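> So here's work.tsv, just TSV, N, CA and C atoms:
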chain	number	residue	atom	x	y	z
R	1	MET	N	0.85	-1.17	0.00
R	1	MET	CA	0.00	0.00	0.00
R	1	MET	C	0.89	1.24	0.00
R	2	ARG	N	0.31	2.30	-0.40
R	2	ARG	CA	0.98	3.60	-0.36
R	2	ARG	C	-0.08	4.64	0.00
R	3	TYR	N	0.39	5.82	0.32
R	3	TYR	CA	-0.55	6.90	0.59
R	3	TYR	C	-1.08	7.43	-0.74
R	4	LYS	N	-2.34	7.77	-0.76
R	4	LYS	CA	-2.97	8.26	-1.98
R	4	LYS	C	-2.32	9.56	-2.44
R	5	TYR	N	-1.99	10.43	-1.50
R	5	TYR	CA	-1.40	11.72	-1.84
R	5	TYR	C	0.07	11.75	-1.40
R	6	LYS	N	0.94	12.16	-2.30
R	6	LYS	CA	2.38	12.19	-2.05
R	6	LYS	C	2.72	12.89	-0.73
R	7	ASP	N	2.05	13.98	-0.47
R	7	ASP	CA	2.34	14.78	0.72
R	7	ASP	C	2.11	14.01	2.02
R	8	ASP	N	1.26	13.00	1.99
R	8	ASP	CA	0.97	12.21	3.19
R	8	ASP	C	2.09	11.22	3.54
R	9	ASN	N	3.06	11.06	2.67
R	9	ASN	CA	4.19	10.16	2.96
R	9	ASN	C	4.94	10.55	4.22
R	10	ARG	N	4.78	11.78	4.65
R	10	ARG	CA	5.46	12.22	5.88
R	10	ARG	C	4.97	11.43	7.09
R	11	TYR	N	3.82	10.78	7.00
R	11	TYR	CA	3.30	9.99	8.12
R	11	TYR	C	4.00	8.65	8.26
R	12	ARG	N	4.78	8.23	7.29
R	12	ARG	CA	5.51	6.96	7.37
R	12	ARG	C	6.38	6.90	8.62
R	13	VAL	N	6.94	8.01	9.02
R	13	VAL	CA	7.84	8.02	10.18
R	13	VAL	C	7.09	7.80	11.50
R	14	HIS	N	5.78	7.80	11.48
R	14	HIS	CA	4.98	7.60	12.69
R	14	HIS	C	4.85	6.12	13.06
R	15	PHE	N	5.27	5.24	12.16
R	15	PHE	CA	5.07	3.81	12.38
R	15	PHE	C	6.37	3.10	12.71
R	16	MET	N	6.25	2.03	13.50
R	16	MET	CA	7.38	1.15	13.76
R	16	MET	C	7.70	0.41	12.46
R	17	ARG	N	8.92	-0.08	12.34
R	17	ARG	CA	9.34	-0.73	11.09
R	17	ARG	C	8.48	-1.94	10.74
R	18	ALA	N	8.07	-2.71	11.74
R	18	ALA	CA	7.25	-3.89	11.47
R	18	ALA	C	5.91	-3.50	10.84
R	19	THR	N	5.30	-2.43	11.35
R	19	THR	CA	4.03	-1.97	10.80
R	19	THR	C	4.24	-1.39	9.41
R	20	GLU	N	5.30	-0.64	9.25
R	20	GLU	CA	5.62	-0.06	7.94
R	20	GLU	C	5.81	-1.17	6.90
R	21	LYS	N	6.50	-2.24	7.30
R	21	LYS	CA	6.72	-3.37	6.40
R	21	LYS	C	5.39	-4.01	5.99
R	22	LEU	N	4.49	-4.20	6.97
R	22	LEU	CA	3.17	-4.74	6.66
R	22	LEU	C	2.44	-3.86	5.66
R	23	MET	N	2.49	-2.55	5.90
R	23	MET	CA	1.79	-1.62	5.03
R	23	MET	C	2.38	-1.64	3.62
R	24	ASN	N	3.68	-1.89	3.50
R	24	ASN	CA	4.32	-1.96	2.18
R	24	ASN	C	3.97	-3.24	1.45
R	25	GLU	N	3.78	-4.34	2.19
R	25	GLU	CA	3.59	-5.65	1.57
R	25	GLU	C	2.15	-6.04	1.32
R	26	LEU	N	1.23	-5.56	2.15
R	26	LEU	CA	-0.16	-6.00	2.04
R	26	LEU	C	-0.97	-5.10	1.12
R	27	SER	N	-2.00	-5.69	0.52
R	27	SER	CA	-2.97	-4.91	-0.25
R	27	SER	C	-3.98	-4.31	0.72
R	28	ILE	N	-4.82	-3.45	0.24
R	28	ILE	CA	-5.87	-2.85	1.07
R	28	ILE	C	-6.73	-3.95	1.68
R	29	LYS	N	-7.18	-4.88	0.86
R	29	LYS	CA	-8.05	-5.96	1.33
R	29	LYS	C	-7.34	-6.80	2.40
R	30	GLU	N	-6.07	-7.11	2.18
R	30	GLU	CA	-5.30	-7.90	3.15
R	30	GLU	C	-5.09	-7.13	4.45
R	31	PHE	N	-4.86	-5.82	4.35
R	31	PHE	CA	-4.65	-5.02	5.55
R	31	PHE	C	-5.93	-4.88	6.35
R	32	ILE	N	-7.07	-4.81	5.68
R	32	ILE	CA	-8.35	-4.78	6.39
R	32	ILE	C	-8.52	-6.07	7.18
R	33	SER	N	-8.21	-7.21	6.57
R	33	SER	CA	-8.28	-8.50	7.27
R	33	SER	C	-7.32	-8.52	8.46
R	34	TYR	N	-6.12	-7.98	8.26
R	34	TYR	CA	-5.14	-7.90	9.33
R	34	TYR	C	-5.68	-7.07	10.50
R	35	LEU	N	-6.29	-5.94	10.20
R	35	LEU	CA	-6.87	-5.10	11.25
R	35	LEU	C	-7.98	-5.84	11.99
R	36	GLU	N	-8.85	-6.51	11.23
R	36	GLU	CA	-9.95	-7.24	11.85
R	36	GLU	C	-9.46	-8.32	12.81
R	37	GLU	N	-8.32	-8.94	12.49
R	37	GLU	CA	-7.79	-10.02	13.30
R	37	GLU	C	-6.86	-9.55	14.43
R	38	ASN	N	-6.14	-8.44	14.22
R	38	ASN	CA	-5.07	-8.06	15.14
R	38	ASN	C	-5.25	-6.72	15.84
R	39	ALA	N	-6.20	-5.94	15.43
R	39	ALA	CA	-6.42	-4.63	16.06
R	39	ALA	C	-7.68	-4.68	16.91
R	40	LYS	N	-7.75	-3.75	17.83
R	40	LYS	CA	-8.93	-3.66	18.68
R	40	LYS	C	-10.00	-2.83	17.95
R	41	PHE	N	-11.18	-3.43	17.76
R	41	PHE	CA	-12.28	-2.70	17.15
R	41	PHE	C	-12.78	-1.69	18.18
R	42	GLU	N	-12.76	-0.43	17.83
R	42	GLU	CA	-13.17	0.63	18.76
R	42	GLU	C	-14.67	0.92	18.68
R	43	ASP	N	-15.15	1.22	17.47
R	43	ASP	CA	-16.54	1.62	17.33
R	43	ASP	C	-16.87	1.85	15.86
R	44	CYS	N	-18.13	1.91	15.56
R	44	CYS	CA	-18.60	2.38	14.26
R	44	CYS	C	-18.78	3.88	14.39
R	45	VAL	N	-18.23	4.63	13.45
R	45	VAL	CA	-18.28	6.09	13.50
R	45	VAL	C	-18.69	6.63	12.14
R	46	VAL	N	-19.20	7.83	12.16
R	46	VAL	CA	-19.50	8.55	10.92
R	46	VAL	C	-18.50	9.68	10.82
R	47	GLU	N	-17.72	9.68	9.74
R	47	GLU	CA	-16.68	10.68	9.53
R	47	GLU	C	-16.96	11.46	8.26
R	48	CYS	N	-16.56	12.70	8.26
R	48	CYS	CA	-16.67	13.53	7.06
R	48	CYS	C	-15.41	13.31	6.23
R	49	ILE	N	-15.57	12.70	5.06
R	49	ILE	CA	-14.46	12.42	4.17
R	49	ILE	C	-14.81	12.99	2.80
R	50	ASN	N	-13.96	13.90	2.33
R	50	ASN	CA	-14.19	14.57	1.05
R	50	ASN	C	-15.57	15.22	0.99
R	51	GLY	N	-15.99	15.80	2.10
R	51	GLY	CA	-17.26	16.52	2.16
R	51	GLY	C	-18.50	15.65	2.27
R	52	LYS	N	-18.33	14.35	2.46
R	52	LYS	CA	-19.46	13.43	2.59
R	52	LYS	C	-19.39	12.71	3.93
R	53	CYS	N	-20.54	12.42	4.52
R	53	CYS	CA	-20.59	11.62	5.75
R	53	CYS	C	-20.47	10.15	5.36
R	54	VAL	N	-19.48	9.48	5.96
R	54	VAL	CA	-19.19	8.10	5.60
R	54	VAL	C	-19.18	7.24	6.85
R	55	ASN	N	-19.88	6.10	6.80
R	55	ASN	CA	-19.85	5.14	7.90
R	55	ASN	C	-18.53	4.40	7.88
R	56	CYS	N	-17.87	4.34	9.04
R	56	CYS	CA	-16.55	3.71	9.14
R	56	CYS	C	-16.48	2.84	10.39
R	57	LYS	N	-15.55	1.90	10.35
R	57	LYS	CA	-15.19	1.15	11.54
R	57	LYS	C	-13.83	1.67	11.97
R	58	ALA	N	-13.70	1.97	13.26
R	58	ALA	CA	-12.44	2.48	13.80
R	58	ALA	C	-11.70	1.33	14.49
R	59	TYR	N	-10.41	1.20	14.16
R	59	TYR	CA	-9.57	0.17	14.75
R	59	TYR	C	-8.35	0.81	15.41
R	60	ASP	N	-7.98	0.27	16.56
R	60	ASP	CA	-6.79	0.70	17.29
R	60	ASP	C	-5.77	-0.42	17.19
R	61	LEU	N	-4.68	-0.18	16.44
R	61	LEU	CA	-3.64	-1.18	16.25
R	61	LEU	C	-2.47	-0.90	17.17
R	62	LYS	N	-2.19	-1.84	18.08
R	62	LYS	CA	-1.00	-1.74	18.94
R	62	LYS	C	0.16	-2.28	18.13
R	63	GLU	N	1.19	-1.45	17.96
R	63	GLU	CA	2.31	-1.85	17.14
R	63	GLU	C	3.19	-2.87	17.86
R	64	LYS	N	3.73	-3.77	17.07
R	64	LYS	CA	4.58	-4.85	17.58
R	64	LYS	C	5.79	-4.30	18.31
R	65	ASP	N	6.11	-4.90	19.45
R	65	ASP	CA	7.30	-4.56	20.25
R	65	ASP	C	7.34	-3.10	20.69
R	66	SER	N	6.17	-2.51	20.91
R	66	SER	CA	6.12	-1.13	21.41
R	66	SER	C	4.80	-0.90	22.13
R	67	ASN	N	4.69	0.25	22.74
R	67	ASN	CA	3.42	0.63	23.37
R	67	ASN	C	2.65	1.64	22.52
R	68	LEU	N	3.09	1.81	21.28
R	68	LEU	CA	2.43	2.76	20.40
R	68	LEU	C	1.14	2.19	19.84
R	69	HIS	N	0.15	3.04	19.73
R	69	HIS	CA	-1.14	2.66	19.17
R	69	HIS	C	-1.43	3.57	17.99
R	70	LYS	N	-1.90	2.98	16.89
R	70	LYS	CA	-2.27	3.73	15.70
R	70	LYS	C	-3.72	3.43	15.38
R	71	GLU	N	-4.43	4.46	14.96
R	71	GLU	CA	-5.84	4.28	14.65
R	71	GLU	C	-6.07	4.34	13.14
R	72	PHE	N	-6.92	3.43	12.70
R	72	PHE	CA	-7.27	3.35	11.29
R	72	PHE	C	-8.79	3.36	11.15
R	73	LEU	N	-9.25	3.95	10.07
R	73	LEU	CA	-10.67	3.92	9.71
R	73	LEU	C	-10.83	3.05	8.48
R	74	VAL	N	-11.82	2.18	8.50
R	74	VAL	CA	-12.15	1.36	7.34
R	74	VAL	C	-13.57	1.75	6.94
R	75	THR	N	-13.72	2.22	5.70
R	75	THR	CA	-15.04	2.66	5.24
R	75	THR	C	-15.87	1.48	4.76
R	76	GLU	N	-17.17	1.72	4.62
R	76	GLU	CA	-18.07	0.67	4.14
R	76	GLU	C	-17.69	0.17	2.75
R	77	ASP	N	-17.10	1.04	1.93
R	77	ASP	CA	-16.73	0.64	0.58
R	77	ASP	C	-15.30	0.13	0.49
R	78	GLY	N	-14.65	-0.16	1.63
R	78	GLY	CA	-13.36	-0.83	1.63
R	78	GLY	C	-12.14	0.07	1.48
R	79	ARG	N	-12.26	1.33	1.85
R	79	ARG	CA	-11.09	2.22	1.83
R	79	ARG	C	-10.51	2.26	3.24
R	80	ILE	N	-9.21	2.55	3.33
R	80	ILE	CA	-8.52	2.64	4.63
R	80	ILE	C	-7.91	4.02	4.77
R	81	PHE	N	-8.06	4.57	5.98
R	81	PHE	CA	-7.45	5.84	6.30
R	81	PHE	C	-6.66	5.69	7.59
R	82	TYR	N	-5.44	6.23	7.60
R	82	TYR	CA	-4.69	6.37	8.85
R	82	TYR	C	-5.30	7.58	9.52
R	83	TRP	N	-5.88	7.36	10.69
R	83	TRP	CA	-6.62	8.41	11.41
R	83	TRP	C	-5.64	9.13	12.31
R	84	ARG	N	-4.95	10.11	11.76
R	84	ARG	CA	-3.88	10.84	12.46
R	84	ARG	C	-4.43	11.69	13.59
R	85	SER	N	-5.50	12.42	13.32
R	85	SER	CA	-6.13	13.27	14.33
R	85	SER	C	-7.59	13.46	13.94
R	86	LEU	N	-8.28	14.23	14.72
R	86	LEU	CA	-9.69	14.46	14.45
R	86	LEU	C	-9.93	14.98	13.03
R	87	TYR	N	-9.01	15.82	12.55
R	87	TYR	CA	-9.20	16.43	11.24
R	87	TYR	C	-8.30	15.87	10.14
R	88	ILE	N	-7.31	15.08	10.51
R	88	ILE	CA	-6.36	14.57	9.52
R	88	ILE	C	-6.56	13.07	9.34
R	89	LYS	N	-6.96	12.71	8.13
R	89	LYS	CA	-7.13	11.31	7.75
R	89	LYS	C	-6.37	11.10	6.45
R	90	ALA	N	-5.35	10.26	6.47
R	90	ALA	CA	-4.53	10.01	5.28
R	90	ALA	C	-4.96	8.69	4.66
R	91	GLU	N	-5.45	8.75	3.42
R	91	GLU	CA	-5.95	7.56	2.75
R	91	GLU	C	-4.80	6.72	2.20
R	92	LEU	N	-4.95	5.41	2.34
R	92	LEU	CA	-4.00	4.45	1.79
R	92	LEU	C	-4.65	3.77	0.59
R	93	VAL	N	-3.85	3.48	-0.42
R	93	VAL	CA	-4.34	2.81	-1.63
R	93	VAL	C	-3.37	1.70	-2.00
R	94	ASP	N	-3.82	0.79	-2.85
R	94	ASP	CA	-2.95	-0.29	-3.32
R	94	ASP	C	-1.85	0.27	-4.21
R	95	ASN	N	-0.74	-0.42	-4.27
R	95	ASN	CA	0.40	-0.02	-5.09
R	95	ASN	C	0.20	-0.29	-6.58
R	96	ASN	N	-0.70	-1.18	-6.94
R	96	ASN	CA	-0.79	-1.67	-8.32
R	96	ASN	C	-1.19	-0.60	-9.33
R	97	GLY	N	-0.38	-0.47	-10.35
R	97	GLY	CA	-0.63	0.23	-11.57
R	97	GLY	C	-1.21	1.63	-11.61
R	98	ASN	N	-1.90	2.13	-10.60
R	98	ASN	CA	-2.49	3.45	-10.71
R	98	ASN	C	-1.42	4.52	-10.61
R	99	ALA	N	-1.54	5.53	-11.45
R	99	ALA	CA	-0.59	6.64	-11.40
R	99	ALA	C	-0.71	7.33	-10.05
R	100	GLU	N	0.40	7.68	-9.47
R	100	GLU	CA	0.41	8.32	-8.15
R	100	GLU	C	-0.24	9.70	-8.25
R	101	GLU	N	-1.11	9.99	-7.31
R	101	GLU	CA	-1.80	11.27	-7.33
R	101	GLU	C	-0.92	12.36	-6.78
R	102	LYS	N	-1.14	13.54	-7.27
R	102	LYS	CA	-0.37	14.71	-6.84
R	102	LYS	C	-0.79	15.13	-5.45
R	103	VAL	N	-0.02	16.01	-4.87
R	103	VAL	CA	-0.33	16.57	-3.55
R	103	VAL	C	-1.68	17.23	-3.63
R	104	ARG	N	-2.50	17.00	-2.62
R	104	ARG	CA	-3.84	17.61	-2.64
R	104	ARG	C	-3.80	19.06	-2.28
How does this structure look as structure tokens?

Amino acid sequence: MRYKYKDDNRYRVHFMRATEKLMNELSIKEFISYLEENAKFEDCVVECINGKCVNCKAYDLKEKDSNLHKEFLVTEDGRIFYWRSLYIKAELVDNNGNAEEKVR
């Protein structure tokens, strides 16, 4: 996976190497399964994404060999966002073939 917008790559430094490796190797679908199996399901939430209210599942992933916790949102239509803060959500997309999008 990669971040949808180039500018969001700055968030890579927020993750432990093991989590970063997972994010590099897994597809969106595989990472959703990983979250469902290994992260704590927090709640169903409605988030404003691109000006629309979207139903999401919030997951809290405790990173391997650390006490760090990272939150992810999984939308009903299968998109993943690294939930950095209340207002910052960085979307992740699969690496395959799509041209990388410019900075938003």
> From a DSSP calculation on the backbone, collect every residue of chain R in alpha helix (DSSP H) and output the set as a list in words.
Arg17, Ala18, Thr19, Glu20, Lys21, Leu22, Met23, Asn24, Glu25, Ile28, Lys29, Glu30, Phe31, Ile32, Ser33, Tyr34, Leu35, Glu36, Glu37 and Asn38 of chain R
> Using atom CA of R:Ile49 and atom N of R:Asp7 as the two end points, give the distance in Å to one decimal.
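Here the two named atoms are 17.2 Å from each other.
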> What does the structure give for the distance between atom CA of R:Glu91 and atom N of R:Lys4, in Å to one decimal?
5.0 Å
> Using only C-alpha atoms for the distances, tell me which of R:Tyr5, R:Phe31, R:Tyr59, R:Trp83 is nearest to R:Glu47.
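Smallest separation from R:Glu47 among the options: R:Trp83.
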> Could you jot down the atom N of R:Lys40 to atom CA of R:Lys62 separation for me, Å, one decimal place?
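Going from atom N of R:Lys40 over to atom CA of R:Lys62 covers 7.1 Å.
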> What are the nearest atom pairs, with distances in Å to one decimal, for all residues of stretch 2-38 of chain R that come at most 10 Å from stretch 76-79 of chain R, using only C-alpha atoms, set out by chain and rising residue number as a tab-separated table?

residue	atom	partner	partner_atom	distance
R:Ile28	CA	R:Arg79	CA	7.3
R:Lys29	CA	R:Gly78	CA	7.4
R:Ile32	CA	R:Gly78	CA	8.0
> Out of chain R, which residues get strand (DSSP E) from DSSP, as a PyMOL selection string?
chain R and resi 2-3+40-49+52-62+69-75+80-83+89-93
> Compile the contact shell of R:Lys89 as a list in words: residues with an atom at most 10 Å away, counting only C-alpha atoms, same-chain residues fewer than 2 positions apart removed.
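So the residues in contact are Asp8, Glu47, Cys48, Ile49, Glu71, Phe72, Leu73, Ile80, Phe81, Tyr82, Trp83, Arg84, Ser85, Leu86, Tyr87, Glu91 and Leu92 of chain R.
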> Restore all heavy atoms in stretch 79-90 of chain R and list the result as a short mmCIF file (atom, residue, chain, number, x, y, z; two decimals), in the coordinates of the input.

data_model
loop_
_atom_site.label_atom_id
_atom_site.label_comp_id
_atom_site.auth_asym_id
_atom_site.auth_seq_id
_atom_site.Cartn_x
_atom_site.Cartn_y
_atom_site.Cartn_z
N ARG R 79 -12.26 1.33 1.85
CA ARG R 79 -11.09 2.22 1.83
C ARG R 79 -10.51 2.26 3.24
O ARG R 79 -11.20 2.05 4.22
CB ARG R 79 -11.48 3.63 1.39
CG ARG R 79 -11.95 3.67 -0.06
CD ARG R 79 -12.23 5.07 -0.54
NE ARG R 79 -13.38 5.59 0.20
CZ ARG R 79 -13.64 6.89 0.35
NH1 ARG R 79 -12.84 7.80 -0.15
NH2 ARG R 79 -14.71 7.28 1.02
N ILE R 80 -9.21 2.55 3.33
CA ILE R 80 -8.52 2.64 4.63
C ILE R 80 -7.91 4.02 4.77
O ILE R 80 -7.30 4.54 3.84
CB ILE R 80 -7.39 1.60 4.76
CG1 ILE R 80 -7.93 0.19 4.71
CG2 ILE R 80 -6.64 1.80 6.08
CD1 ILE R 80 -6.85 -0.87 4.77
N PHE R 81 -8.06 4.57 5.98
CA PHE R 81 -7.45 5.84 6.30
C PHE R 81 -6.66 5.69 7.59
O PHE R 81 -7.14 5.08 8.55
CB PHE R 81 -8.52 6.92 6.53
CG PHE R 81 -9.26 7.30 5.28
CD1 PHE R 81 -10.34 6.54 4.84
CD2 PHE R 81 -8.88 8.40 4.54
CE1 PHE R 81 -11.03 6.89 3.69
CE2 PHE R 81 -9.56 8.76 3.39
CZ PHE R 81 -10.63 8.00 2.97
N TYR R 82 -5.44 6.23 7.60
CA TYR R 82 -4.69 6.37 8.85
C TYR R 82 -5.30 7.58 9.52
O TYR R 82 -5.28 8.68 8.99
CB TYR R 82 -3.20 6.56 8.56
CG TYR R 82 -2.40 7.01 9.75
CD1 TYR R 82 -2.53 6.39 10.99
CD2 TYR R 82 -1.49 8.06 9.63
CE1 TYR R 82 -1.79 6.81 12.08
CE2 TYR R 82 -0.74 8.48 10.71
CZ TYR R 82 -0.89 7.85 11.93
OH TYR R 82 -0.16 8.28 13.00
N TRP R 83 -5.88 7.36 10.69
CA TRP R 83 -6.62 8.41 11.41
C TRP R 83 -5.64 9.13 12.31
O TRP R 83 -5.47 8.80 13.48
CB TRP R 83 -7.74 7.76 12.20
CG TRP R 83 -8.83 8.66 12.62
CD1 TRP R 83 -9.02 9.97 12.29
CD2 TRP R 83 -9.93 8.31 13.45
NE1 TRP R 83 -10.17 10.45 12.86
CE2 TRP R 83 -10.74 9.45 13.58
CE3 TRP R 83 -10.31 7.15 14.11
CZ2 TRP R 83 -11.91 9.46 14.34
CZ3 TRP R 83 -11.47 7.15 14.85
CH2 TRP R 83 -12.26 8.30 14.96
N ARG R 84 -4.95 10.11 11.76
CA ARG R 84 -3.88 10.84 12.46
C ARG R 84 -4.43 11.69 13.59
O ARG R 84 -3.88 11.75 14.67
CB ARG R 84 -3.13 11.68 11.44
CG ARG R 84 -2.15 12.63 11.99
CD ARG R 84 -0.84 11.93 12.35
NE ARG R 84 0.08 12.93 12.85
CZ ARG R 84 0.46 13.02 14.13
NH1 ARG R 84 0.04 12.14 14.99
NH2 ARG R 84 1.27 13.96 14.52
N SER R 85 -5.50 12.42 13.32
CA SER R 85 -6.13 13.27 14.33
C SER R 85 -7.59 13.46 13.94
O SER R 85 -8.04 12.94 12.92
CB SER R 85 -5.42 14.63 14.42
OG SER R 85 -5.69 15.41 13.28
N LEU R 86 -8.28 14.23 14.72
CA LEU R 86 -9.69 14.46 14.45
C LEU R 86 -9.93 14.98 13.03
O LEU R 86 -10.87 14.61 12.36
CB LEU R 86 -10.26 15.46 15.47
CG LEU R 86 -11.76 15.70 15.42
CD1 LEU R 86 -12.54 14.41 15.65
CD2 LEU R 86 -12.15 16.73 16.47
N TYR R 87 -9.01 15.82 12.55
CA TYR R 87 -9.20 16.43 11.24
C TYR R 87 -8.30 15.87 10.14
O TYR R 87 -8.50 16.16 8.97
CB TYR R 87 -8.97 17.95 11.33
CG TYR R 87 -9.93 18.61 12.26
CD1 TYR R 87 -9.52 19.09 13.49
CD2 TYR R 87 -11.28 18.72 11.93
CE1 TYR R 87 -10.42 19.68 14.37
CE2 TYR R 87 -12.19 19.30 12.80
CZ TYR R 87 -11.75 19.78 14.01
OH TYR R 87 -12.64 20.36 14.87
N ILE R 88 -7.31 15.08 10.51
CA ILE R 88 -6.36 14.57 9.52
C ILE R 88 -6.56 13.07 9.34
O ILE R 88 -6.34 12.29 10.26
CB ILE R 88 -4.90 14.87 9.93
CG1 ILE R 88 -4.69 16.37 10.07
CG2 ILE R 88 -3.93 14.28 8.92
CD1 ILE R 88 -3.35 16.74 10.66
N LYS R 89 -6.96 12.71 8.13
CA LYS R 89 -7.13 11.31 7.75
C LYS R 89 -6.37 11.10 6.45
O LYS R 89 -6.69 11.71 5.44
CB LYS R 89 -8.61 10.98 7.57
CG LYS R 89 -9.43 11.10 8.84
CD LYS R 89 -10.90 10.89 8.58
CE LYS R 89 -11.72 12.10 8.34
NZ LYS R 89 -11.65 13.25 9.15
N ALA R 90 -5.35 10.26 6.47
CA ALA R 90 -4.53 10.01 5.28
C ALA R 90 -4.96 8.69 4.66
O ALA R 90 -4.87 7.64 5.28
CB ALA R 90 -3.06 9.96 5.65
#
